[in-house]
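Have a look at input.cif; it's mmCIF, C-alpha atoms and all ligand atoms:
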data_target
loop_
_atom_site.label_atom_id
_atom_site.label_comp_id
_atom_site.auth_asym_id
_atom_site.auth_seq_id
_atom_site.Cartn_x
_atom_site.Cartn_y
_atom_site.Cartn_z
CA MET D 271 0.00 0.00 0.00
CA ALA D 272 1.31 3.46 -0.98
CA ASP D 273 2.14 6.10 1.63
CA TYR D 274 0.12 8.80 -0.13
CA ARG D 275 -2.60 9.24 -2.73
CA LEU D 276 -2.06 12.44 -4.70
CA THR D 277 -3.43 13.95 -7.90
CA LEU D 278 -1.28 14.02 -11.02
CA ILE D 279 -2.08 16.24 -14.02
CA PRO D 280 0.44 15.32 -16.74
CA GLY D 281 -0.55 18.39 -18.80
CA ASP D 282 0.25 19.24 -22.40
CA GLY D 283 3.37 19.39 -24.58
CA ILE D 284 6.43 18.49 -22.53
CA GLY D 285 4.16 17.93 -19.48
CA PRO D 286 3.94 14.12 -19.72
CA GLU D 287 7.73 13.88 -20.31
CA VAL D 288 8.66 15.91 -17.25
CA THR D 289 5.95 14.44 -15.00
CA GLU D 290 7.12 10.90 -15.82
CA ALA D 291 10.68 11.92 -14.95
CA THR D 292 9.50 13.43 -11.68
CA GLN D 293 7.49 10.36 -10.72
CA ARG D 294 10.57 8.21 -11.25
CA VAL D 295 12.77 10.42 -9.09
CA ILE D 296 10.20 10.52 -6.26
CA ALA D 297 9.89 6.73 -6.32
CA ALA D 298 13.68 6.38 -6.27
CA ALA D 299 13.77 8.62 -3.18
CA GLY D 300 11.64 6.00 -1.43
CA VAL D 301 8.35 7.90 -1.24
CA SER D 302 5.55 5.69 -2.40
CA ILE D 303 2.68 7.58 -4.02
CA ASP D 304 -0.48 6.23 -5.56
CA TRP D 305 -1.03 8.82 -8.32
CA GLU D 306 -4.56 9.61 -9.38
CA GLU D 307 -4.05 10.74 -12.96
CA VAL D 308 -6.49 13.30 -14.42
CA TYR D 309 -6.34 15.39 -17.58
CA ALA D 310 -6.50 19.11 -18.20
CA GLY D 311 -5.65 21.48 -21.05
CA GLN D 312 -5.58 20.41 -24.68
CA THR D 313 -5.06 16.82 -23.49
CA ALA D 314 -8.49 16.87 -21.80
CA LEU D 315 -10.12 18.08 -25.03
CA ASP D 316 -8.27 15.40 -27.02
CA LYS D 317 -9.59 12.80 -24.60
CA GLY D 318 -13.17 13.86 -25.31
CA PHE D 319 -13.95 16.28 -22.47
CA ASP D 320 -15.83 19.36 -23.60
CA VAL D 321 -13.83 21.80 -21.45
CA PRO D 322 -10.07 22.03 -20.82
CA LEU D 323 -10.56 21.93 -17.05
CA PRO D 324 -13.04 19.10 -16.42
CA GLU D 325 -14.78 18.96 -13.04
CA VAL D 326 -13.10 15.60 -12.36
CA VAL D 327 -9.76 17.42 -12.02
CA LEU D 328 -11.09 19.74 -9.33
CA GLU D 329 -12.84 16.83 -7.58
CA SER D 330 -9.62 14.83 -7.50
CA ILE D 331 -7.66 17.69 -5.91
CA ARG D 332 -10.47 18.43 -3.45
CA LYS D 333 -10.34 14.79 -2.40
CA ASN D 334 -6.57 14.33 -2.26
CA ARG D 335 -5.78 17.92 -1.20
CA VAL D 336 -2.42 17.94 -2.98
CA GLY D 337 -1.55 17.69 -6.67
CA LEU D 338 1.44 17.75 -8.99
CA LYS D 339 0.74 19.44 -12.30
CA GLY D 340 2.47 19.58 -15.66
CA PRO D 341 1.97 22.69 -17.80
CA CYS D 342 -1.39 23.11 -19.52
CA GLY D 343 -2.19 25.14 -22.60
CA THR D 344 -5.53 26.81 -23.18
CA PRO D 345 -6.82 26.77 -26.76
CA ILE D 346 -6.88 30.38 -27.98
CA GLY D 347 -9.96 31.94 -29.58
CA LYS D 348 -12.39 29.21 -28.46
CA GLY D 349 -13.85 31.13 -25.55
CA PHE D 350 -12.15 29.08 -22.80
CA THR D 351 -10.79 30.82 -19.70
CA SER D 352 -7.14 29.94 -19.00
CA VAL D 353 -6.95 26.49 -17.38
CA ASN D 354 -4.34 27.70 -14.92
CA VAL D 355 -6.17 30.86 -13.88
CA ARG D 356 -9.42 28.91 -13.51
CA LEU D 357 -7.80 26.11 -11.47
CA ARG D 358 -6.22 28.60 -9.07
CA GLN D 359 -9.48 30.52 -8.68
CA ALA D 360 -11.71 27.42 -8.33
CA LEU D 361 -9.55 25.93 -5.54
CA ASP D 362 -8.68 29.32 -4.06
CA LEU D 363 -4.96 28.64 -4.45
CA TYR D 364 -4.21 32.24 -3.63
CA ALA D 365 -0.46 32.11 -3.04
CA CYS D 366 1.91 31.34 -5.87
CA VAL D 367 5.33 30.77 -4.33
CA ARG D 368 8.35 30.61 -6.60
CA PRO D 369 11.75 30.18 -4.97
CA THR D 370 14.51 31.13 -7.40
CA ARG D 371 18.05 30.06 -6.51
CA SER D 372 21.24 30.05 -8.53
CA PHE D 373 22.71 26.71 -9.55
CA LEU D 374 26.39 26.00 -9.59
CA GLY D 375 27.63 25.04 -13.01
CA VAL D 376 24.76 26.27 -15.18
CA ARG D 377 25.88 27.10 -18.67
CA SER D 378 22.85 28.76 -20.15
CA ARG D 379 22.68 29.12 -23.92
CA ALA D 380 21.61 32.73 -23.81
CA ALA D 381 23.65 34.41 -21.12
CA ARG D 382 25.85 33.89 -18.12
CA PRO D 383 23.50 33.31 -15.17
CA PHE D 384 23.93 35.26 -11.94
CA GLU D 385 25.55 33.54 -8.98
CA GLY D 386 24.27 33.82 -5.42
CA VAL D 387 20.62 34.52 -6.27
CA ASP D 388 18.29 33.26 -3.55
CA LEU D 389 14.97 35.04 -3.73
CA VAL D 390 11.33 34.04 -3.50
CA ILE D 391 8.45 35.51 -5.44
CA VAL D 392 5.10 35.37 -3.68
CA ARG D 393 2.50 36.19 -6.30
CA GLU D 394 -1.20 36.85 -5.63
CA ASN D 395 -2.97 34.24 -7.69
CA THR D 396 -6.67 35.00 -7.74
CA GLU D 397 -7.33 38.61 -8.76
CA GLY D 398 -5.51 41.70 -10.08
CA LEU D 399 -5.49 42.08 -13.85
CA TYR D 400 -6.04 38.31 -14.23
CA SER D 401 -9.56 38.43 -12.82
CA GLY D 402 -10.76 37.73 -16.35
CA ILE D 403 -13.16 40.68 -16.41
CA GLU D 404 -12.92 42.26 -19.85
CA HIS D 405 -15.38 43.83 -22.22
CA GLN D 406 -15.60 45.95 -25.30
CA VAL D 407 -16.74 49.47 -24.40
CA VAL D 408 -17.31 50.53 -28.00
CA ASP D 409 -15.83 49.32 -31.25
CA GLY D 410 -12.03 49.60 -30.93
CA VAL D 411 -11.98 50.16 -27.16
CA ILE D 412 -11.50 47.29 -24.68
CA GLU D 413 -11.59 47.54 -20.92
CA THR D 414 -9.82 45.01 -18.65
CA LEU D 415 -10.44 45.44 -14.95
CA LYS D 416 -7.83 45.12 -12.24
CA ILE D 417 -9.49 43.92 -9.05
CA VAL D 418 -7.70 44.41 -5.74
CA THR D 419 -9.45 43.51 -2.51
CA GLU D 420 -8.40 44.05 1.07
CA ARG D 421 -9.05 40.39 1.89
CA ALA D 422 -6.86 38.97 -0.89
CA SER D 423 -4.13 41.55 -0.28
CA ARG D 424 -4.03 40.76 3.43
CA ARG D 425 -3.82 37.02 3.03
CA ILE D 426 -1.11 37.13 0.35
CA VAL D 427 1.05 39.52 2.36
CA LYS D 428 0.51 37.40 5.48
CA HIS D 429 1.53 34.35 3.47
CA ALA D 430 4.74 36.13 2.44
CA PHE D 431 5.58 37.01 6.05
CA GLU D 432 4.72 33.53 7.33
CA TYR D 433 6.86 32.01 4.58
CA CYS D 434 9.68 34.38 5.51
CA ARG D 435 9.41 33.34 9.16
CA SER D 436 9.18 29.59 8.61
CA GLU D 437 12.04 29.52 6.09
CA GLY D 438 14.35 31.69 8.21
CA ARG D 439 14.39 34.57 5.75
CA ARG D 440 14.86 38.21 6.66
CA ARG D 441 12.98 40.68 4.47
CA VAL D 442 9.71 41.11 2.62
CA THR D 443 9.50 43.67 -0.16
CA ALA D 444 6.08 44.73 -1.45
CA ILE D 445 6.18 45.49 -5.18
CA HIS D 446 3.68 48.03 -6.55
CA LYS D 447 2.92 50.82 -9.01
CA GLN D 448 1.10 53.06 -6.60
CA ARG D 449 2.03 56.30 -8.28
CA VAL D 450 -0.10 55.34 -11.28
CA MET D 451 -2.65 52.93 -9.77
CA LYS D 452 -3.25 55.09 -6.72
CA LEU D 453 -6.35 53.34 -5.42
CA SER D 454 -5.69 49.66 -6.19
CA ASP D 455 -1.97 49.53 -5.42
CA GLY D 456 -2.59 52.09 -2.68
CA LEU D 457 -4.90 49.60 -0.97
CA PHE D 458 -2.36 46.80 -1.43
CA LEU D 459 0.38 48.89 0.19
CA ARG D 460 -1.79 50.05 3.08
CA VAL D 461 -2.65 46.45 3.92
CA ALA D 462 0.98 45.35 3.47
CA ARG D 463 2.12 47.97 6.00
CA GLU D 464 -0.51 46.83 8.49
CA VAL D 465 0.56 43.20 8.15
CA ALA D 466 4.25 44.18 8.42
CA GLU D 467 3.55 45.69 11.85
CA GLU D 468 2.54 42.23 13.08
CA TYR D 469 6.05 40.98 12.21
CA PRO D 470 8.47 43.51 13.76
CA PHE D 471 11.27 40.91 13.62
CA ILE D 472 11.11 40.76 9.79
CA ALA D 473 12.38 43.71 7.74
CA TYR D 474 9.84 45.28 5.38
CA ASP D 475 10.25 47.65 2.47
CA GLU D 476 8.48 48.70 -0.72
CA MET D 477 9.61 49.19 -4.29
CA SER D 478 7.83 50.27 -7.45
CA ILE D 479 7.85 47.57 -10.13
CA ASP D 480 9.91 49.65 -12.57
CA ASN D 481 12.54 50.50 -9.97
CA MET D 482 12.66 46.82 -8.96
CA ALA D 483 13.12 45.73 -12.58
CA MET D 484 16.16 47.96 -12.90
CA LYS D 485 17.66 47.00 -9.52
CA ILE D 486 17.13 43.28 -9.99
CA ALA D 487 18.83 43.38 -13.38
CA LEU D 488 21.86 44.96 -11.71
CA ASP D 489 21.98 42.76 -8.61
CA PRO D 490 19.40 40.04 -8.00
CA THR D 491 21.34 38.81 -4.95
CA ALA D 492 20.10 41.86 -3.03
CA PHE D 493 16.50 40.56 -2.92
CA ASP D 494 14.82 38.20 -0.48
CA VAL D 495 11.00 37.66 -0.42
CA LEU D 496 9.03 39.73 -2.94
CA VAL D 497 5.25 39.94 -2.67
CA MET D 498 3.19 41.31 -5.54
CA GLU D 499 -0.04 41.14 -7.53
CA ASN D 500 -0.82 38.59 -10.20
CA LEU D 501 0.45 40.17 -13.44
CA PHE D 502 3.62 41.60 -11.89
CA GLY D 503 4.34 38.18 -10.35
CA ASP D 504 3.84 36.37 -13.63
CA VAL D 505 6.32 38.60 -15.46
CA VAL D 506 8.88 38.86 -12.65
CA SER D 507 8.95 35.05 -12.15
CA ASP D 508 9.96 34.41 -15.75
CA MET D 509 12.50 37.23 -15.61
CA CYS D 510 14.08 35.79 -12.46
CA ALA D 511 14.07 32.30 -13.99
CA GLY D 512 16.16 33.74 -16.83
CA MET D 513 18.63 35.17 -14.33
CA VAL D 514 19.48 31.74 -12.90
CA GLY D 515 19.61 29.86 -16.19
CA GLY D 516 16.13 29.60 -17.71
CA LEU D 517 12.60 28.33 -17.37
CA GLY D 518 13.71 24.70 -17.23
CA LEU D 519 15.03 25.25 -13.69
CA VAL D 520 12.53 27.14 -11.56
CA PRO D 521 9.85 25.46 -9.41
CA GLY D 522 6.56 26.74 -8.10
CA ALA D 523 3.73 26.06 -5.68
CA ASN D 524 0.13 27.25 -5.71
CA ILE D 525 -1.11 27.18 -2.16
CA GLY D 526 -4.45 27.86 -0.51
CA ASP D 527 -5.82 27.22 2.95
CA ARG D 528 -7.17 23.79 1.95
CA TYR D 529 -5.39 22.63 -1.21
CA ALA D 530 -2.00 22.90 -2.88
CA VAL D 531 -0.92 22.28 -6.47
CA PHE D 532 2.75 22.18 -7.39
CA GLU D 533 3.97 23.07 -10.87
CA ALA D 534 6.95 24.50 -12.71
CA VAL D 535 7.03 28.14 -13.80
CA HIS D 536 7.40 27.11 -17.45
CA GLY D 537 4.69 26.27 -19.97
CA SER D 538 4.14 23.31 -22.28
CA ALA D 539 7.07 24.28 -24.57
CA PRO D 540 5.40 23.24 -27.85
CA ASP D 541 8.67 23.91 -29.73
CA ILE D 542 10.40 20.95 -28.04
CA ALA D 543 7.42 18.77 -27.06
CA GLY D 544 7.67 15.08 -27.92
CA LYS D 545 11.42 15.23 -28.58
CA GLY D 546 12.42 13.91 -25.15
CA ILE D 547 14.80 16.80 -24.55
CA ALA D 548 12.91 18.91 -21.97
CA ASN D 549 14.73 19.78 -18.79
CA PRO D 550 12.88 17.98 -15.95
CA THR D 551 14.51 20.08 -13.19
CA ALA D 552 11.74 22.65 -12.71
CA LEU D 553 9.06 20.02 -12.13
CA ILE D 554 11.38 17.85 -10.04
CA LEU D 555 12.10 20.84 -7.78
CA SER D 556 8.37 21.64 -7.68
CA ALA D 557 7.90 18.09 -6.45
CA CYS D 558 10.48 18.82 -3.73
CA LEU D 559 8.27 21.71 -2.57
CA MET D 560 5.36 19.25 -2.62
CA LEU D 561 7.28 16.65 -0.59
CA LYS D 562 8.16 19.30 2.01
CA HIS D 563 4.50 20.31 2.12
CA ILE D 564 3.43 16.75 2.97
CA GLY D 565 6.22 16.31 5.52
CA GLU D 566 8.76 14.34 3.42
CA ARG D 567 11.57 16.82 4.07
CA ARG D 568 14.38 14.27 3.89
CA ALA D 569 13.33 12.97 0.47
CA ALA D 570 12.92 16.56 -0.76
CA TRP D 571 16.43 17.42 0.39
CA ARG D 572 17.98 14.33 -1.25
CA ILE D 573 16.23 14.97 -4.57
CA GLU D 574 17.22 18.63 -4.65
CA MET D 575 20.85 17.90 -3.74
CA ALA D 576 21.10 15.17 -6.39
CA THR D 577 19.58 17.45 -9.04
CA ARG D 578 21.98 20.25 -8.16
CA LYS D 579 24.94 17.84 -8.30
CA VAL D 580 23.98 16.69 -11.80
CA ILE D 581 23.62 20.27 -13.00
CA GLU D 582 26.95 21.23 -11.45
CA ALA D 583 28.73 18.25 -13.06
CA GLY D 584 27.28 19.40 -16.40
CA ASP D 585 27.88 16.26 -18.49
CA ARG D 586 24.38 14.76 -18.22
CA VAL D 587 22.21 17.85 -18.66
CA THR D 588 19.69 18.83 -21.33
CA GLY D 589 20.24 21.22 -24.24
CA ASP D 590 18.87 24.33 -22.50
CA LEU D 591 21.77 23.96 -20.02
CA GLY D 592 24.34 23.51 -22.75
CA GLY D 593 24.37 19.70 -22.65
CA SER D 594 23.08 17.01 -24.99
CA ALA D 595 21.37 14.60 -22.60
CA THR D 596 17.77 13.56 -23.08
CA THR D 597 15.17 14.05 -20.35
CA ARG D 598 15.54 10.33 -19.50
CA GLU D 599 19.34 10.46 -19.32
CA MET D 600 19.29 13.49 -17.03
CA THR D 601 16.64 11.82 -14.84
CA GLU D 602 18.73 8.66 -14.57
CA ALA D 603 21.78 10.75 -13.61
CA ILE D 604 19.73 12.38 -10.83
CA ILE D 605 18.65 8.97 -9.53
CA VAL D 606 22.24 7.72 -9.55
CA ALA D 607 23.46 10.89 -7.78
CA MET D 608 20.81 10.37 -5.11
CA GLU D 609 22.15 6.90 -4.36
CA GLY D 610 25.41 8.55 -3.27
CA LEU D 611 23.68 10.78 -0.71
CA PRO D 612 23.03 9.83 2.93
CA LYS D 613 19.55 8.35 3.41
P1 LIG I 701 6.98 28.03 -22.38
O1 LIG I 701 7.44 28.16 -20.97
O2 LIG I 701 6.22 26.82 -22.71
O3 LIG I 701 8.26 28.11 -23.36
C1 LIG I 701 9.11 29.23 -23.42
C2 LIG I 701 10.51 28.78 -23.91
O4 LIG I 701 11.16 28.09 -22.84
C3 LIG I 701 10.45 27.80 -25.08
O5 LIG I 701 11.52 28.07 -25.95
C4 LIG I 701 10.62 26.44 -24.43
O6 LIG I 701 11.20 25.47 -25.26
C5 LIG I 701 11.54 26.77 -23.25
N1 LIG I 701 11.28 25.85 -22.13
C6 LIG I 701 10.22 25.87 -21.28
N2 LIG I 701 10.30 24.86 -20.41
C7 LIG I 701 11.41 24.18 -20.71
C8 LIG I 701 12.03 23.00 -20.16
N3 LIG I 701 11.50 22.35 -19.12
N4 LIG I 701 13.18 22.56 -20.74
C9 LIG I 701 13.74 23.20 -21.76
N5 LIG I 701 13.19 24.33 -22.33
C10 LIG I 701 12.06 24.80 -21.80
O7 LIG I 701 6.11 29.35 -22.69
P2 LIG I 701 5.14 29.66 -23.90
O8 LIG I 701 5.74 29.20 -25.20
O9 LIG I 701 4.79 31.09 -23.72
O10 LIG I 701 3.81 28.84 -23.61
C11 LIG I 701 3.49 27.61 -24.26
C12 LIG I 701 2.16 27.11 -23.70
O11 LIG I 701 2.26 26.83 -22.30
C13 LIG I 701 0.99 28.09 -23.87
O12 LIG I 701 -0.15 27.37 -24.26
C14 LIG I 701 0.80 28.66 -22.46
O13 LIG I 701 -0.53 29.05 -22.23
C15 LIG I 701 1.19 27.46 -21.61
N6 LIG I 701 1.66 27.83 -20.27
C16 LIG I 701 1.22 27.06 -19.23
C17 LIG I 701 1.68 27.32 -17.95
C18 LIG I 701 1.18 26.44 -16.84
O14 LIG I 701 0.54 25.44 -17.08
N7 LIG I 701 1.47 26.78 -15.60
C19 LIG I 701 2.61 28.42 -17.66
C20 LIG I 701 3.05 29.13 -18.83
C21 LIG I 701 2.56 28.84 -20.09
#
Structure encoded using structure tokens:
Amino acid sequence: MADYRLTLIPGDGIGPEVTEATQRVIAAAGVSIDWEEVYAGQTALDKGFDVPLPEVVLESIRKNRVGLKGPCGTPIGKGFTSVNVRLRQALDLYACVRPTRSFLGVRSRAARPFEGVDLVIVRENTEGLYSGIEHQVVDGVIETLKIVTERASRRIVKHAFEYCRSEGRRRVTAIHKQRVMKLSDGLFLRVAREVAEEYPFIAYDEMSIDNMAMKIALDPTAFDVLVMENLFGDVVSDMCAGMVGGLGLVPGANIGDRYAVFEAVHGSAPDIAGKGIANPTALILSACLMLKHIGERRAAWRIEMATRKVIEAGDRVTGDLGGSATTREMTEAIIVAMEGLPK
């Protein structure tokens, strides 16, 4: 009998390739999981469901409480709301947590990654400009509403401070554009200051998004925990992923009071899907966040250490990291590296 029953959404594109790799690594770490596999995204439509986020997916997560998710695409122009936005809203997964740390030995194709980065983006996941409220005012004029509520602002900032406390971090920075969005970002900042007063032992500061973009490009090592609204968080997460070596590396967690779904920052990568060359690291590290969440800290540590060792060695890594290994070869190297670590 397995130790846990959890939901697995393989997702689209490279999703099934990286979820299979992740399942293998978790099993090799000695955590036995009975995966309840459900389908979302284009895969759900291909399997005959009439919507990309079938109710069965939500039911499975409500039952199991925790899920691991591959990336899902949403067909454009067919009137479907984004699978990811809808999933986060339906399960009230309000905190998107994305720890971004440098890796030793990364040789990114595009640029030389920064060393010493160790920051965490805490992104509000349920409102802001991604509330999905848009309409045409008159021909040629579209209005998209940014919703900011006191309730959602308070709980996301509290989540950032609680995360900071439990992970032994030192500073929370609230990111905003209050000078332009005086009311909405003004409300967010007012609430952030109130929450900060409850945590006098954690440093708190504020930075406008444009100023942050400039400062982080100069020195990302100067940042710790960054809390921000949905759209800012989406953009900043990808930017920070690029700073440590690319989207193939950075994990994520979507957390609510009742449920949690773990997924990489990256999408379904249609350009490399089916070729067996996707980097499995981001989903493997997302699974480490999941294992910590369910109390399997030791297994999470061993998997992360083994993954970092393989990346540092550099000879069994995928193309995005400058190597020529397949997803399977890199996964096998991680499993072998884990065998050399204390149990
Ligand atoms: P993407 O993240 O899928 O790809 C961007 C670039 O990064 C591509 O060149 C891709 O090959 C590369 N890349 C991404 N992950 C990689 C990995 N693990 N290993 C090696 N290279 C990797 O972003 P894009 O192209 O904007 O989106 C493609 C689809 O994914 C869209 O349908 C989008 O809606 C969906 N998406 C889903 C997300 C989710 O389920 N959480 C998040 C982001 C996008």
Check: Leaving out D:Thr289 and any residue of its chain fewer than 6 positions from it, which residues lie within 10 Å of it when counting only C-alpha atoms, given as a list of chain:residue names?
Finding: D:Leu278, D:Ile279, D:Pro280, D:Gly281, D:Val295, D:Leu338, D:Lys339, D:Gly340, D:Pro341, D:Glu533, D:Pro550, D:Leu553, D:Ile554, D:Ala557
Next item on the list: Could you give me, as an NGL selection string, the residues within 8 Å of D:Arg332, counting only C-alpha atoms and dropping anything in the same chain fewer than 3 positions from it?
Entry: :D and (328-329 or 335 or 361 or 529)
Could you give me, as CSV, every chain D residue with an atom at most 8 Å from ligand LIG 701 (chain I), plus its closest atom pair and distance in Å to one decimal, counting all atoms listed in the file, rows ordered by chain then number?
residue,atom,partner,partner_atom,distance
D:Gly281,CA,I:LIG701,O14,7.3
D:Asp282,CA,I:LIG701,O11,7.9
D:Gly283,CA,I:LIG701,O11,7.9
D:Ile284,CA,I:LIG701,N3,7.2
D:Val288,CA,I:LIG701,N3,7.3
D:Lys339,CA,I:LIG701,O14,7.7
D:Gly340,CA,I:LIG701,O14,6.3
D:Pro341,CA,I:LIG701,O14,3.2
D:Cys342,CA,I:LIG701,O14,3.9
D:Gly343,CA,I:LIG701,O12,3.4
D:Thr344,CA,I:LIG701,O12,5.5
D:Pro345,CA,I:LIG701,O12,7.1
D:Ser352,CA,I:LIG701,O13,7.4
D:Val353,CA,I:LIG701,O14,7.6
D:Asn354,CA,I:LIG701,O14,5.8
D:Gly516,CA,I:LIG701,O4,7.3
D:Leu517,CA,I:LIG701,N2,5.2
D:Gly518,CA,I:LIG701,N3,3.7
D:Leu519,CA,I:LIG701,N3,7.1
D:Glu533,CA,I:LIG701,N7,6.5
D:Ala534,CA,I:LIG701,N7,6.6
D:Val535,CA,I:LIG701,C19,5.9
D:His536,CA,I:LIG701,O1,3.7
D:Gly537,CA,I:LIG701,O2,3.2
D:Ser538,CA,I:LIG701,O11,4.0
D:Ala539,CA,I:LIG701,O2,3.3
D:Pro540,CA,I:LIG701,C11,6.0
D:Asp541,CA,I:LIG701,O6,5.4
D:Ile542,CA,I:LIG701,O6,5.4
D:Ala543,CA,I:LIG701,O6,7.9
D:Ile547,CA,I:LIG701,C9,7.1
D:Ala548,CA,I:LIG701,N4,3.9
D:Asn549,CA,I:LIG701,N4,3.7
D:Pro550,CA,I:LIG701,N3,5.6
D:Thr551,CA,I:LIG701,N3,7.0
D:Ala552,CA,I:LIG701,N3,6.4
D:Leu553,CA,I:LIG701,N3,7.8
D:Thr588,CA,I:LIG701,C9,7.4
D:Gly589,CA,I:LIG701,C9,7.2
D:Asp590,CA,I:LIG701,C9,5.3
Can you write out the residues you just picked, keeping C-alpha atoms, as a PDB file, in the frame of the given file?
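Heads up, here's the output in part31.pdb:
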ATOM      1  CA  GLY D 281      -0.550  18.390 -18.800  1.00  0.00           C
ATOM      2  CA  ASP D 282       0.250  19.240 -22.400  1.00  0.00           C
ATOM      3  CA  GLY D 283       3.370  19.390 -24.580  1.00  0.00           C
ATOM      4  CA  ILE D 284       6.430  18.490 -22.530  1.00  0.00           C
ATOM      5  CA  VAL D 288       8.660  15.910 -17.250  1.00  0.00           C
ATOM      6  CA  LYS D 339       0.740  19.440 -12.300  1.00  0.00           C
ATOM      7  CA  GLY D 340       2.470  19.580 -15.660  1.00  0.00           C
ATOM      8  CA  PRO D 341       1.970  22.690 -17.800  1.00  0.00           C
ATOM      9  CA  CYS D 342      -1.390  23.110 -19.520  1.00  0.00           C
ATOM     10  CA  GLY D 343      -2.190  25.140 -22.600  1.00  0.00           C
ATOM     11  CA  THR D 344      -5.530  26.810 -23.180  1.00  0.00           C
ATOM     12  CA  PRO D 345      -6.820  26.770 -26.760  1.00  0.00           C
ATOM     13  CA  SER D 352      -7.140  29.940 -19.000  1.00  0.00           C
ATOM     14  CA  VAL D 353      -6.950  26.490 -17.380  1.00  0.00           C
ATOM     15  CA  ASN D 354      -4.340  27.700 -14.920  1.00  0.00           C
ATOM     16  CA  GLY D 516      16.130  29.600 -17.710  1.00  0.00           C
ATOM     17  CA  LEU D 517      12.600  28.330 -17.370  1.00  0.00           C
ATOM     18  CA  GLY D 518      13.710  24.700 -17.230  1.00  0.00           C
ATOM     19  CA  LEU D 519      15.030  25.250 -13.690  1.00  0.00           C
ATOM     20  CA  GLU D 533       3.970  23.070 -10.870  1.00  0.00           C
ATOM     21  CA  ALA D 534       6.950  24.500 -12.710  1.00  0.00           C
ATOM     22  CA  VAL D 535       7.030  28.140 -13.800  1.00  0.00           C
ATOM     23  CA  HIS D 536       7.400  27.110 -17.450  1.00  0.00           C
ATOM     24  CA  GLY D 537       4.690  26.270 -19.970  1.00  0.00           C
ATOM     25  CA  SER D 538       4.140  23.310 -22.280  1.00  0.00           C
ATOM     26  CA  ALA D 539       7.070  24.280 -24.570  1.00  0.00           C
ATOM     27  CA  PRO D 540       5.400  23.240 -27.850  1.00  0.00           C
ATOM     28  CA  ASP D 541       8.670  23.910 -29.730  1.00  0.00           C
ATOM     29  CA  ILE D 542      10.400  20.950 -28.040  1.00  0.00           C
ATOM     30  CA  ALA D 543       7.420  18.770 -27.060  1.00  0.00           C
ATOM     31  CA  ILE D 547      14.800  16.800 -24.550  1.00  0.00           C
ATOM     32  CA  ALA D 548      12.910  18.910 -21.970  1.00  0.00           C
ATOM     33  CA  ASN D 549      14.730  19.780 -18.790  1.00  0.00           C
ATOM     34  CA  PRO D 550      12.880  17.980 -15.950  1.00  0.00           C
ATOM     35  CA  THR D 551      14.510  20.080 -13.190  1.00  0.00           C
ATOM     36  CA  ALA D 552      11.740  22.650 -12.710  1.00  0.00           C
ATOM     37  CA  LEU D 553       9.060  20.020 -12.130  1.00  0.00           C
ATOM     38  CA  THR D 588      19.690  18.830 -21.330  1.00  0.00           C
ATOM     39  CA  GLY D 589      20.240  21.220 -24.240  1.00  0.00           C
ATOM     40  CA  ASP D 590      18.870  24.330 -22.500  1.00  0.00           C
TER      41      ASP D 590
END
Check: Contacts of stretch 562-572 of chain D at 8 Å or less, counting all atoms listed in the file, minus same-chain residues fewer than 5 places along, as a ChimeraX atom specification?
Finding: /D:296,299-301,557,608,611-613
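For the pair atom CA of D:Glu420 and atom CA of D:Leu457, the interatomic distance is 6.9 Å.
Nearest to D:Ser372 of all the residues D:Ala291, D:Leu591, D:Ile403, D:Met513 is D:Met513, based on only C-alpha atoms.
Closest to D:Val497 among D:Met600, D:Ala462, D:Ile391, D:Ala298 is D:Ile391, based on all atoms listed in the file.
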Residues of stretch 298-390 of chain D that have any atom at most 12 Å from an atom of stretch 469-490 of chain D: could you tabulate them with the shortest-distance atom pair and the distance in Å to one decimal, using only C-alpha atoms, ordered by chain and increasing number, as CSV?
residue,atom,partner,partner_atom,distance
D:Thr370,CA,D:Pro490,CA,10.2
D:Arg371,CA,D:Pro490,CA,10.2
D:Ser372,CA,D:Pro490,CA,10.2
D:Pro383,CA,D:Pro490,CA,10.7
D:Phe384,CA,D:Pro490,CA,7.7
D:Glu385,CA,D:Pro490,CA,9.0
D:Gly386,CA,D:Pro490,CA,8.3
D:Val387,CA,D:Pro490,CA,5.9
D:Asp388,CA,D:Pro490,CA,8.2
D:Leu389,CA,D:Pro490,CA,7.9
D:Val390,CA,D:Pro490,CA,11.0
Next item on the list: Enter the distance from atom CA of D:Val506 to atom CA of D:Arg460, in Å, rounded to one decimal.
Entry: 22.1 Å
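Note that atom CA of D:Arg440 and atom CA of D:Arg358 are 28.0 Å apart.
With only C-alpha atoms as the atoms that count, the residue of D:Ala310, D:Cys434, D:Asp409, D:Leu561 with the shortest distance to D:Tyr274 is D:Leu561.
Among the candidates D:Arg294, D:Arg528, D:Arg435, D:Lys348, the residue lying nearest to D:Leu315 is D:Lys348 (atoms considered: only C-alpha atoms).
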